[in-house]
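Enquirer: Supplied in structure tokens, the structure appears directly below.
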Amino acid sequence: MALLELRNVTRRFGDFVAVDDVSLSIEAGEFFTLLGPSGSGKTTILRMIAGFDLPDAGQILLDGRDLVATPAEKRPIHTVFQSYALFPHMTVADNIAFPLKMAHHDTAEISRRVAGELEQVRLSGKAHAYPHEISGGEKQRVALARALVNRPRLLLLDESLGALDAKLREEMQVELINLQREVGITFVFVTHAQVEALALSHRIAVMNHGRVEQVDEPSRLYGFPKNRFVADFIGNINMIEARVEEAGHGHLRLAAGLGEIIAPPLAGASTGDKGVYAIRPEQVRIGVHGELTELKNHFEGEVHSLLYQGDVSVYRVRLANGAMIEALLPNSAPGRAELFEAGDAVKVGWRHDAGMFLND
Ligand code: ATP
């Protein structure tokens, strides 16, 4: 049985449907992420799980029991918000002890558990510091320790790394992964940052306009997006309008403005279907005239522009029909910035199984 289950949950604000018939099943021990653009309904779902808000329709079950009648403070669920919300006049240790004091545990028990929690987040040396005396990353760890000290069944994290700068954010991501694996508590994380979702999660639900577009493991979401929205929202991707010319024999033959494209088969696709062909920039190779002919998909073009980014360079190649294709190439040779320059006549090509046709 799933630890947490949402069954056909809907939440309306007036005529506006913020969460639209959402069903999700989250397993014990999972790091599960709700990912979607601003306004897609992620926080509203989190608030209903926490008990700060109620669904207009549907059920939310924890261990198979409906939560609707259980008030927020009685749910074995803790929420960490982006702002951390530490008590500024309390020391780190007192902040962590707070939930235990509220639950009237005895003093010895509280000291023992706070010490354990401080060790877990490697802040034993900062027990007597006040929040204004510690760094952003340390505040984040205190907030997590306070959230975990009561051993909730479920920890909800709302954009909780959002306030940190990029470098610290990356450190906290590693921290969060390790902590979650160590304590084994189920995490439900809300974010609109797709890279973060890919790095942290066991599974991700991609949300759009209050609906779930796809639930999958990170590598499957990236490699096999179900539709245009997911393909476009997760990572960068080239999209080319295309029509199915021939379906069958283990591949699709597509007609596109730039020529014929061979794509992997798609269940349910048939001749005449319109959609897009999608190919990730890191799958696109660049060569000179006469090269890349071993690839089923290859086209002549001209380098339009390039962006040097240190580890990689992003090339934009204009094809004969005017279409622009982006290719991401690693700069693996030291000191060598670019393989091609703007204006160079080149070819782009990719394996026929690298891209995909999407008709939704
Ligand atoms: P963000 O990433 O910006 O936090 P989100 O995906 O978490 O976005 P929600 O906060 O769940 O989105 O909001 C979904 C939609 O519901 C938004 O359009 C929002 O304006 C609306 N909404 C949320 N709460 C209320 C409310 N109390 N009253 C009216 N509308 C609301």
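Every chain in the structure tokens takes a letter, A first, then B, and so on in the order presented; its residues are numbered from 1, and the ligands are numbered from 1 following the presented order.
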Could you list the protein, DNA and RNA residues that have any atom within 9 Å of ligand 1, counting only C-alpha atoms and all ligand atoms, and write them as a short mmCIF file (atom, residue, chain, number, x, y, z; two decimals) with N, CA and C atoms, in the first residue's frame?

Expert:
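After the write, out26.cif holds the following:
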```cif
data_model
loop_
_atom_site.label_atom_id
_atom_site.label_comp_id
_atom_site.auth_asym_id
_atom_site.auth_seq_id
_atom_site.Cartn_x
_atom_site.Cartn_y
_atom_site.Cartn_z
N ARG A 11 -9.39 21.24 -6.22
CA ARG A 11 -9.52 22.42 -5.37
C ARG A 11 -9.83 23.61 -6.27
N ARG A 12 -10.96 24.27 -5.97
CA ARG A 12 -11.36 25.45 -6.76
C ARG A 12 -11.27 26.69 -5.89
N PHE A 13 -10.92 27.82 -6.52
CA PHE A 13 -11.03 29.12 -5.87
C PHE A 13 -12.01 29.92 -6.73
N GLY A 14 -13.26 30.01 -6.30
CA GLY A 14 -14.30 30.60 -7.15
C GLY A 14 -14.47 29.71 -8.37
N PHE A 16 -12.13 29.33 -10.58
CA PHE A 16 -10.80 28.89 -11.01
C PHE A 16 -10.45 27.53 -10.41
N VAL A 17 -10.07 26.59 -11.27
CA VAL A 17 -9.71 25.26 -10.79
C VAL A 17 -8.19 25.21 -10.60
N ALA A 18 -7.74 25.30 -9.36
CA ALA A 18 -6.29 25.34 -9.08
C ALA A 18 -5.69 23.95 -9.12
N VAL A 19 -6.46 22.94 -8.66
CA VAL A 19 -6.02 21.54 -8.70
C VAL A 19 -7.17 20.75 -9.31
N LEU A 34 6.90 17.53 -6.74
CA LEU A 34 5.90 18.16 -7.59
C LEU A 34 6.61 19.29 -8.32
N LEU A 35 6.69 19.17 -9.64
CA LEU A 35 7.43 20.14 -10.45
C LEU A 35 6.48 20.77 -11.45
N GLY A 36 6.54 22.09 -11.56
CA GLY A 36 5.69 22.73 -12.56
C GLY A 36 5.90 24.23 -12.52
N PRO A 37 5.40 24.94 -13.56
CA PRO A 37 5.57 26.39 -13.57
C PRO A 37 4.76 27.05 -12.46
N SER A 38 5.03 28.31 -12.25
CA SER A 38 4.31 29.09 -11.24
C SER A 38 2.80 29.03 -11.53
N GLY A 39 2.02 28.77 -10.49
CA GLY A 39 0.57 28.75 -10.65
C GLY A 39 0.01 27.42 -11.10
N SER A 40 0.84 26.38 -11.17
CA SER A 40 0.34 25.09 -11.67
C SER A 40 -0.36 24.26 -10.59
N GLY A 41 -0.36 24.74 -9.35
CA GLY A 41 -1.13 24.06 -8.31
C GLY A 41 -0.31 23.27 -7.31
N LYS A 42 1.02 23.38 -7.38
CA LYS A 42 1.89 22.57 -6.52
C LYS A 42 1.69 22.88 -5.04
N THR A 43 1.76 24.18 -4.70
CA THR A 43 1.65 24.57 -3.30
C THR A 43 0.26 24.25 -2.75
N THR A 44 -0.74 24.40 -3.59
CA THR A 44 -2.11 24.08 -3.15
C THR A 44 -2.20 22.60 -2.77
N ILE A 45 -1.56 21.74 -3.54
CA ILE A 45 -1.55 20.30 -3.21
C ILE A 45 -0.82 20.08 -1.88
N LEU A 46 0.32 20.74 -1.72
CA LEU A 46 1.09 20.57 -0.48
C LEU A 46 0.28 21.03 0.73
N ARG A 47 -0.40 22.15 0.57
CA ARG A 47 -1.21 22.69 1.68
C ARG A 47 -2.36 21.75 2.06
N ASP A 53 -5.37 23.42 4.10
CA ASP A 53 -6.44 23.68 3.14
C ASP A 53 -7.12 22.33 2.88
N ASP A 158 8.55 23.08 0.77
CA ASP A 158 8.04 24.00 -0.24
C ASP A 158 9.14 24.94 -0.71
N GLU A 159 9.69 24.67 -1.90
CA GLU A 159 10.73 25.53 -2.49
C GLU A 159 11.80 25.84 -1.45
N VAL A 190 8.34 20.53 -3.36
CA VAL A 190 7.72 21.35 -4.39
C VAL A 190 8.75 22.29 -4.97
N THR A 191 8.86 22.34 -6.29
CA THR A 191 9.80 23.27 -6.91
C THR A 191 9.39 23.58 -8.35
N HIS A 192 9.87 24.74 -8.85
CA HIS A 192 9.72 24.98 -10.28
C HIS A 192 11.08 24.87 -10.97
N MET A 207 3.50 19.08 -13.22
CA MET A 207 2.18 19.71 -13.14
C MET A 207 2.05 20.84 -14.16
N ASN A 208 0.84 21.02 -14.66
CA ASN A 208 0.55 22.12 -15.58
C ASN A 208 -0.93 22.45 -15.44
N HIS A 209 -1.25 23.70 -15.18
CA HIS A 209 -2.65 24.11 -15.04
C HIS A 209 -3.46 23.20 -14.12
N GLY A 210 -2.89 22.85 -12.99
CA GLY A 210 -3.64 22.07 -12.00
C GLY A 210 -3.73 20.59 -12.29
#
```

Enquirer: Tell me which protein, DNA and RNA residues are within 12 Å of region 251-268 of chain A, counting only C-alpha atoms, leaving out same-chain ones fewer than 3 positions away, and put them as a ChimeraX atom specification.

Expert: /A:224,226-227,239-248,271-279,295-301,318-325,348-360

Enquirer: What would the file look like if the residues just selected were written as an mmCIF file, in the first residue's frame with C-alpha atoms?

Expert:
```cif
data_model
loop_
_atom_site.group_PDB
_atom_site.id
_atom_site.type_symbol
_atom_site.label_atom_id
_atom_site.label_comp_id
_atom_site.auth_asym_id
_atom_site.auth_seq_id
_atom_site.Cartn_x
_atom_site.Cartn_y
_atom_site.Cartn_z
ATOM 1 C CA PHE A 224 10.852 9.853 -22.696
ATOM 2 C CA LYS A 226 4.998 11.968 -22.856
ATOM 3 C CA ASN A 227 4.038 15.202 -24.533
ATOM 4 C CA MET A 239 11.157 21.063 -31.550
ATOM 5 C CA ILE A 240 10.389 20.677 -35.235
ATOM 6 C CA GLU A 241 6.874 20.619 -36.679
ATOM 7 C CA ALA A 242 6.451 17.275 -38.456
ATOM 8 C CA ARG A 243 3.900 14.932 -40.024
ATOM 9 C CA VAL A 244 3.940 11.129 -40.148
ATOM 10 C CA GLU A 245 4.602 9.900 -43.715
ATOM 11 C CA GLU A 246 4.926 6.253 -42.860
ATOM 12 C CA ALA A 247 4.383 4.354 -39.612
ATOM 13 C CA GLY A 248 5.751 0.877 -39.123
ATOM 14 C CA THR A 271 0.196 8.105 -41.297
ATOM 15 C CA GLY A 272 -0.948 11.703 -41.606
ATOM 16 C CA ASP A 273 -0.644 12.513 -37.869
ATOM 17 C CA LYS A 274 0.704 15.966 -37.152
ATOM 18 C CA GLY A 275 2.922 16.792 -34.190
ATOM 19 C CA VAL A 276 6.469 17.745 -33.340
ATOM 20 C CA TYR A 277 9.759 15.975 -33.601
ATOM 21 C CA ALA A 278 11.872 16.637 -30.504
ATOM 22 C CA ILE A 279 15.637 16.182 -30.197
ATOM 23 C CA LEU A 295 23.504 8.730 -39.354
ATOM 24 C CA LYS A 296 19.955 8.322 -40.680
ATOM 25 C CA ASN A 297 19.193 11.968 -39.871
ATOM 26 C CA HIS A 298 21.674 14.481 -41.270
ATOM 27 C CA PHE A 299 21.221 17.933 -42.769
ATOM 28 C CA GLU A 300 23.354 20.704 -44.270
ATOM 29 C CA GLY A 301 23.493 24.055 -42.513
ATOM 30 C CA ARG A 318 20.662 27.400 -39.427
ATOM 31 C CA LEU A 319 19.486 24.707 -41.832
ATOM 32 C CA ALA A 320 18.653 25.145 -45.522
ATOM 33 C CA ASN A 321 14.951 25.744 -44.801
ATOM 34 C CA GLY A 322 15.766 28.415 -42.211
ATOM 35 C CA ALA A 323 15.076 26.189 -39.202
ATOM 36 C CA MET A 324 17.469 26.625 -36.287
ATOM 37 C CA ILE A 325 18.927 23.582 -34.505
ATOM 38 C CA VAL A 348 24.176 18.393 -38.203
ATOM 39 C CA GLY A 349 23.110 14.833 -37.573
ATOM 40 C CA TRP A 350 21.802 12.492 -34.922
ATOM 41 C CA ARG A 351 20.935 8.860 -34.393
ATOM 42 C CA HIS A 352 17.439 7.894 -35.473
ATOM 43 C CA ASP A 353 16.667 6.562 -31.995
ATOM 44 C CA ALA A 354 17.823 9.770 -30.245
ATOM 45 C CA GLY A 355 14.781 11.951 -30.895
ATOM 46 C CA MET A 356 11.069 11.354 -30.655
ATOM 47 C CA PHE A 357 7.797 12.217 -32.338
ATOM 48 C CA LEU A 358 5.165 13.711 -30.030
ATOM 49 C CA ASN A 359 1.595 14.041 -31.204
ATOM 50 C CA ASP A 360 0.185 15.483 -27.959
#
```

Enquirer: DSSP on the backbone, then: every residue of region 170-334 of chain A marked strand (DSSP E), written as a PDB file with C-alpha atoms, in the first residue's frame.

Expert:
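Heads up, here's the output in selection.pdb:
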```pdb
ATOM      1  CA  THR A 186       9.189  10.208   2.860  1.00  0.00           C
ATOM      2  CA  PHE A 187       9.776  13.656   1.353  1.00  0.00           C
ATOM      3  CA  VAL A 188       7.348  15.559  -0.844  1.00  0.00           C
ATOM      4  CA  PHE A 189       9.203  18.470  -2.419  1.00  0.00           C
ATOM      5  CA  VAL A 190       7.717  21.350  -4.386  1.00  0.00           C
ATOM      6  CA  THR A 191       9.800  23.271  -6.913  1.00  0.00           C
ATOM      7  CA  ARG A 203      10.078  10.291  -8.907  1.00  0.00           C
ATOM      8  CA  ILE A 204       8.648  13.548 -10.210  1.00  0.00           C
ATOM      9  CA  ALA A 205       5.088  14.598 -11.019  1.00  0.00           C
ATOM     10  CA  VAL A 206       5.097  17.319 -13.698  1.00  0.00           C
ATOM     11  CA  MET A 207       2.181  19.710 -13.138  1.00  0.00           C
ATOM     12  CA  ASN A 208       0.548  22.116 -15.578  1.00  0.00           C
ATOM     13  CA  ARG A 211      -3.208  18.728 -13.732  1.00  0.00           C
ATOM     14  CA  VAL A 212      -0.524  16.060 -13.634  1.00  0.00           C
ATOM     15  CA  GLU A 213       1.082  15.695 -17.065  1.00  0.00           C
ATOM     16  CA  GLN A 214       3.442  12.807 -16.254  1.00  0.00           C
ATOM     17  CA  VAL A 215       4.789  10.947 -13.226  1.00  0.00           C
ATOM     18  CA  ASP A 216       8.130   9.236 -13.732  1.00  0.00           C
ATOM     19  CA  ASN A 238      14.750  21.276 -30.285  1.00  0.00           C
ATOM     20  CA  MET A 239      11.157  21.063 -31.550  1.00  0.00           C
ATOM     21  CA  ILE A 240      10.389  20.677 -35.235  1.00  0.00           C
ATOM     22  CA  GLU A 241       6.874  20.619 -36.679  1.00  0.00           C
ATOM     23  CA  ALA A 242       6.451  17.275 -38.456  1.00  0.00           C
ATOM     24  CA  ARG A 243       3.900  14.932 -40.024  1.00  0.00           C
ATOM     25  CA  VAL A 244       3.940  11.129 -40.148  1.00  0.00           C
ATOM     26  CA  GLU A 245       4.602   9.900 -43.715  1.00  0.00           C
ATOM     27  CA  GLU A 246       4.926   6.253 -42.860  1.00  0.00           C
ATOM     28  CA  ALA A 247       4.383   4.354 -39.612  1.00  0.00           C
ATOM     29  CA  GLY A 248       5.751   0.877 -39.123  1.00  0.00           C
ATOM     30  CA  HIS A 251      10.350   3.376 -37.077  1.00  0.00           C
ATOM     31  CA  LEU A 252       8.415   6.454 -38.136  1.00  0.00           C
ATOM     32  CA  ARG A 253       9.242   8.328 -41.311  1.00  0.00           C
ATOM     33  CA  LEU A 254       8.421  11.993 -40.791  1.00  0.00           C
ATOM     34  CA  ALA A 255       8.069  14.879 -43.207  1.00  0.00           C
ATOM     35  CA  ALA A 256       9.396  18.151 -41.829  1.00  0.00           C
ATOM     36  CA  GLY A 259      13.517  17.211 -44.971  1.00  0.00           C
ATOM     37  CA  GLU A 260      12.786  13.646 -43.971  1.00  0.00           C
ATOM     38  CA  ILE A 261      13.382  12.537 -40.376  1.00  0.00           C
ATOM     39  CA  ILE A 262      13.505   8.964 -39.126  1.00  0.00           C
ATOM     40  CA  ALA A 263      12.154   8.587 -35.563  1.00  0.00           C
ATOM     41  CA  LYS A 274       0.704  15.966 -37.152  1.00  0.00           C
ATOM     42  CA  GLY A 275       2.922  16.792 -34.190  1.00  0.00           C
ATOM     43  CA  VAL A 276       6.469  17.745 -33.340  1.00  0.00           C
ATOM     44  CA  TYR A 277       9.759  15.975 -33.601  1.00  0.00           C
ATOM     45  CA  ALA A 278      11.872  16.637 -30.504  1.00  0.00           C
ATOM     46  CA  ILE A 279      15.637  16.182 -30.197  1.00  0.00           C
ATOM     47  CA  ARG A 285      26.395  16.169 -33.638  1.00  0.00           C
ATOM     48  CA  ILE A 286      28.137  18.652 -35.903  1.00  0.00           C
ATOM     49  CA  GLY A 287      30.474  17.719 -38.722  1.00  0.00           C
ATOM     50  CA  ASN A 297      19.193  11.968 -39.871  1.00  0.00           C
ATOM     51  CA  HIS A 298      21.674  14.481 -41.270  1.00  0.00           C
ATOM     52  CA  PHE A 299      21.221  17.933 -42.769  1.00  0.00           C
ATOM     53  CA  GLU A 300      23.354  20.704 -44.270  1.00  0.00           C
ATOM     54  CA  GLY A 301      23.493  24.055 -42.513  1.00  0.00           C
ATOM     55  CA  GLU A 302      25.566  26.989 -41.377  1.00  0.00           C
ATOM     56  CA  VAL A 303      26.743  27.930 -37.894  1.00  0.00           C
ATOM     57  CA  HIS A 304      24.631  30.916 -36.895  1.00  0.00           C
ATOM     58  CA  SER A 305      26.048  31.579 -33.457  1.00  0.00           C
ATOM     59  CA  LEU A 306      27.788  29.946 -30.566  1.00  0.00           C
ATOM     60  CA  LEU A 307      27.841  30.417 -26.832  1.00  0.00           C
ATOM     61  CA  TYR A 308      31.000  29.354 -24.998  1.00  0.00           C
ATOM     62  CA  VAL A 312      30.342  23.046 -23.121  1.00  0.00           C
ATOM     63  CA  SER A 313      29.562  25.257 -26.095  1.00  0.00           C
ATOM     64  CA  VAL A 314      26.076  25.730 -27.481  1.00  0.00           C
ATOM     65  CA  TYR A 315      25.979  25.992 -31.269  1.00  0.00           C
ATOM     66  CA  ARG A 316      22.983  27.282 -33.194  1.00  0.00           C
ATOM     67  CA  VAL A 317      22.951  25.990 -36.741  1.00  0.00           C
ATOM     68  CA  ARG A 318      20.662  27.400 -39.427  1.00  0.00           C
ATOM     69  CA  LEU A 319      19.486  24.707 -41.832  1.00  0.00           C
ATOM     70  CA  MET A 324      17.469  26.625 -36.287  1.00  0.00           C
ATOM     71  CA  ILE A 325      18.927  23.582 -34.505  1.00  0.00           C
ATOM     72  CA  GLU A 326      20.794  23.810 -31.227  1.00  0.00           C
ATOM     73  CA  ALA A 327      23.706  21.468 -30.525  1.00  0.00           C
ATOM     74  CA  LEU A 328      25.557  21.158 -27.229  1.00  0.00           C
ATOM     75  CA  LEU A 329      29.164  20.036 -27.571  1.00  0.00           C
ATOM     76  CA  PRO A 330      31.587  19.318 -24.726  1.00  0.00           C
TER      77      PRO A 330
END
```

Enquirer: Rounded to one decimal, what separation in Å do you get between CA of Thr107 (chain A) and CA of Asn150 (chain A)?

Expert: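 Here the two named atoms are 14.7 Å from each other.
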
Enquirer: Which one is closest to Leu4 (chain A): A:Val68, A:Leu154, A:Val22, A:Leu54? Count only C-alpha atoms.

Expert: A:Leu154

Enquirer: Using DSSP on the backbone coordinates, identify the residues of region 225-258 of chain A assigned to helix (DSSP H, G or I); present them as a list in words.

Expert: Arg228, Phe229, Val230, Ala231, Asp232 and Phe233 of chain A

Enquirer: Compile the contact shell of Arg181 (chain A) as a PyMOL selection string: residues with an atom at most 12 Å away, counting only C-alpha atoms, same-chain residues fewer than 5 positions apart removed.

Expert: chain A and resi 28-31+174-176+186-187+200-202

Enquirer: In Å, rounded to a single decimal, give me how far CA of Glu5 (chain A) is from CA of Ile60 (chain A).

Expert: 5.7 Å

Enquirer: Can you measure CA of Gln309 (chain A) to CA of Gly290 (chain A) for me? One decimal in Å is fine.

Expert: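 Answer for the CA of Gln309 (chain A) to CA of Gly290 (chain A) separation: 28.2 Å.
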
Enquirer: So which residues touch region 70-78 of chain A within 8 Å, counting only C-alpha atoms, skipping near sequence neighbours fewer than 4 positions away, as an MDAnalysis selection string?

Expert: chainID A and resid 50:52 147:148 152:156

Enquirer: Write to file, as a PDB file, in the first residue's frame, the residues of the selection just made, with N, CA and C atoms.

Expert:
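The resulting result11.pdb:
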```
ATOM      1  N   ALA A  50      -0.817  18.894   3.987  1.00  0.00           N
ATOM      2  CA  ALA A  50      -0.468  19.342   5.342  1.00  0.00           C
ATOM      3  C   ALA A  50      -1.704  19.563   6.211  1.00  0.00           C
ATOM      4  N   GLY A  51      -2.826  19.888   5.554  1.00  0.00           N
ATOM      5  CA  GLY A  51      -4.047  20.154   6.315  1.00  0.00           C
ATOM      6  C   GLY A  51      -4.319  21.639   6.500  1.00  0.00           C
ATOM      7  N   PHE A  52      -3.563  22.508   5.803  1.00  0.00           N
ATOM      8  CA  PHE A  52      -3.822  23.955   5.868  1.00  0.00           C
ATOM      9  C   PHE A  52      -4.972  24.341   4.942  1.00  0.00           C
ATOM     10  N   ALA A 147      12.379  19.877  11.746  1.00  0.00           N
ATOM     11  CA  ALA A 147      11.279  19.179  11.075  1.00  0.00           C
ATOM     12  C   ALA A 147      11.345  17.673  11.300  1.00  0.00           C
ATOM     13  N   LEU A 148      12.563  17.160  11.485  1.00  0.00           N
ATOM     14  CA  LEU A 148      12.734  15.707  11.570  1.00  0.00           C
ATOM     15  C   LEU A 148      12.718  15.178  13.001  1.00  0.00           C
ATOM     16  N   PRO A 152       8.343  12.670  11.670  1.00  0.00           N
ATOM     17  CA  PRO A 152       7.053  12.644  10.969  1.00  0.00           C
ATOM     18  C   PRO A 152       7.020  11.505   9.947  1.00  0.00           C
ATOM     19  N   ARG A 153       5.846  11.072   9.539  1.00  0.00           N
ATOM     20  CA  ARG A 153       5.754  10.063   8.478  1.00  0.00           C
ATOM     21  C   ARG A 153       6.130  10.689   7.149  1.00  0.00           C
ATOM     22  N   LEU A 154       5.836  12.001   7.075  1.00  0.00           N
ATOM     23  CA  LEU A 154       5.962  12.693   5.802  1.00  0.00           C
ATOM     24  C   LEU A 154       6.547  14.073   6.049  1.00  0.00           C
ATOM     25  N   LEU A 155       7.549  14.451   5.253  1.00  0.00           N
ATOM     26  CA  LEU A 155       8.100  15.799   5.348  1.00  0.00           C
ATOM     27  C   LEU A 155       7.790  16.534   4.046  1.00  0.00           C
ATOM     28  N   LEU A 156       7.139  17.687   4.175  1.00  0.00           N
ATOM     29  CA  LEU A 156       6.798  18.483   2.997  1.00  0.00           C
ATOM     30  C   LEU A 156       7.765  19.657   2.902  1.00  0.00           C
TER      31      LEU A 156
END
```

Enquirer: Please identify all polymer residues within 9 Å of Ile110 (chain A), counting only C-alpha atoms, omitting same-chain residues fewer than 3 positions from it, and present them as a list in words.

Expert: Ala97, Leu100, Lys101, His105, Asp106, Thr107, Arg113, Val114 and Ala115 of chain A

Enquirer: Export, as a PDB file, in the first residue's frame, the selected residues with N, CA and C atoms.

Expert:
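Resulting contents of out-v1.pdb:
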```
ATOM      1  N   ALA A  97      14.525  21.820  19.668  1.00  0.00           N
ATOM      2  CA  ALA A  97      13.782  21.213  20.786  1.00  0.00           C
ATOM      3  C   ALA A  97      12.306  21.612  20.800  1.00  0.00           C
ATOM      4  N   LEU A 100       9.446  19.169  20.386  1.00  0.00           N
ATOM      5  CA  LEU A 100       9.431  18.152  21.453  1.00  0.00           C
ATOM      6  C   LEU A 100       8.849  18.740  22.738  1.00  0.00           C
ATOM      7  N   LYS A 101       9.153  20.013  22.991  1.00  0.00           N
ATOM      8  CA  LYS A 101       8.598  20.687  24.179  1.00  0.00           C
ATOM      9  C   LYS A 101       7.084  20.819  24.029  1.00  0.00           C
ATOM     10  N   HIS A 105       7.541  16.207  25.936  1.00  0.00           N
ATOM     11  CA  HIS A 105       8.505  15.143  26.247  1.00  0.00           C
ATOM     12  C   HIS A 105       9.315  15.572  27.464  1.00  0.00           C
ATOM     13  N   ASP A 106       9.902  14.588  28.211  1.00  0.00           N
ATOM     14  CA  ASP A 106      10.670  15.016  29.386  1.00  0.00           C
ATOM     15  C   ASP A 106      12.043  15.548  28.971  1.00  0.00           C
ATOM     16  N   THR A 107      12.637  16.309  29.901  1.00  0.00           N
ATOM     17  CA  THR A 107      13.854  17.062  29.586  1.00  0.00           C
ATOM     18  C   THR A 107      15.001  16.173  29.100  1.00  0.00           C
ATOM     19  N   ARG A 113      17.454  13.678  22.142  1.00  0.00           N
ATOM     20  CA  ARG A 113      17.033  13.725  20.735  1.00  0.00           C
ATOM     21  C   ARG A 113      17.585  14.943  20.006  1.00  0.00           C
ATOM     22  N   VAL A 114      17.678  16.071  20.708  1.00  0.00           N
ATOM     23  CA  VAL A 114      18.243  17.269  20.075  1.00  0.00           C
ATOM     24  C   VAL A 114      19.714  17.018  19.730  1.00  0.00           C
ATOM     25  N   ALA A 115      20.453  16.387  20.660  1.00  0.00           N
ATOM     26  CA  ALA A 115      21.870  16.092  20.404  1.00  0.00           C
ATOM     27  C   ALA A 115      22.016  15.190  19.183  1.00  0.00           C
TER      28      ALA A 115
END
```

Enquirer: Could you tell me which of A:Ile49, A:Ala69, A:Leu157, A:Ala108 comes closest to Gln140 (chain A) if we count only C-alpha atoms?

Expert: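 Distance minimum relative to Gln140 (chain A) lands on A:Leu157.
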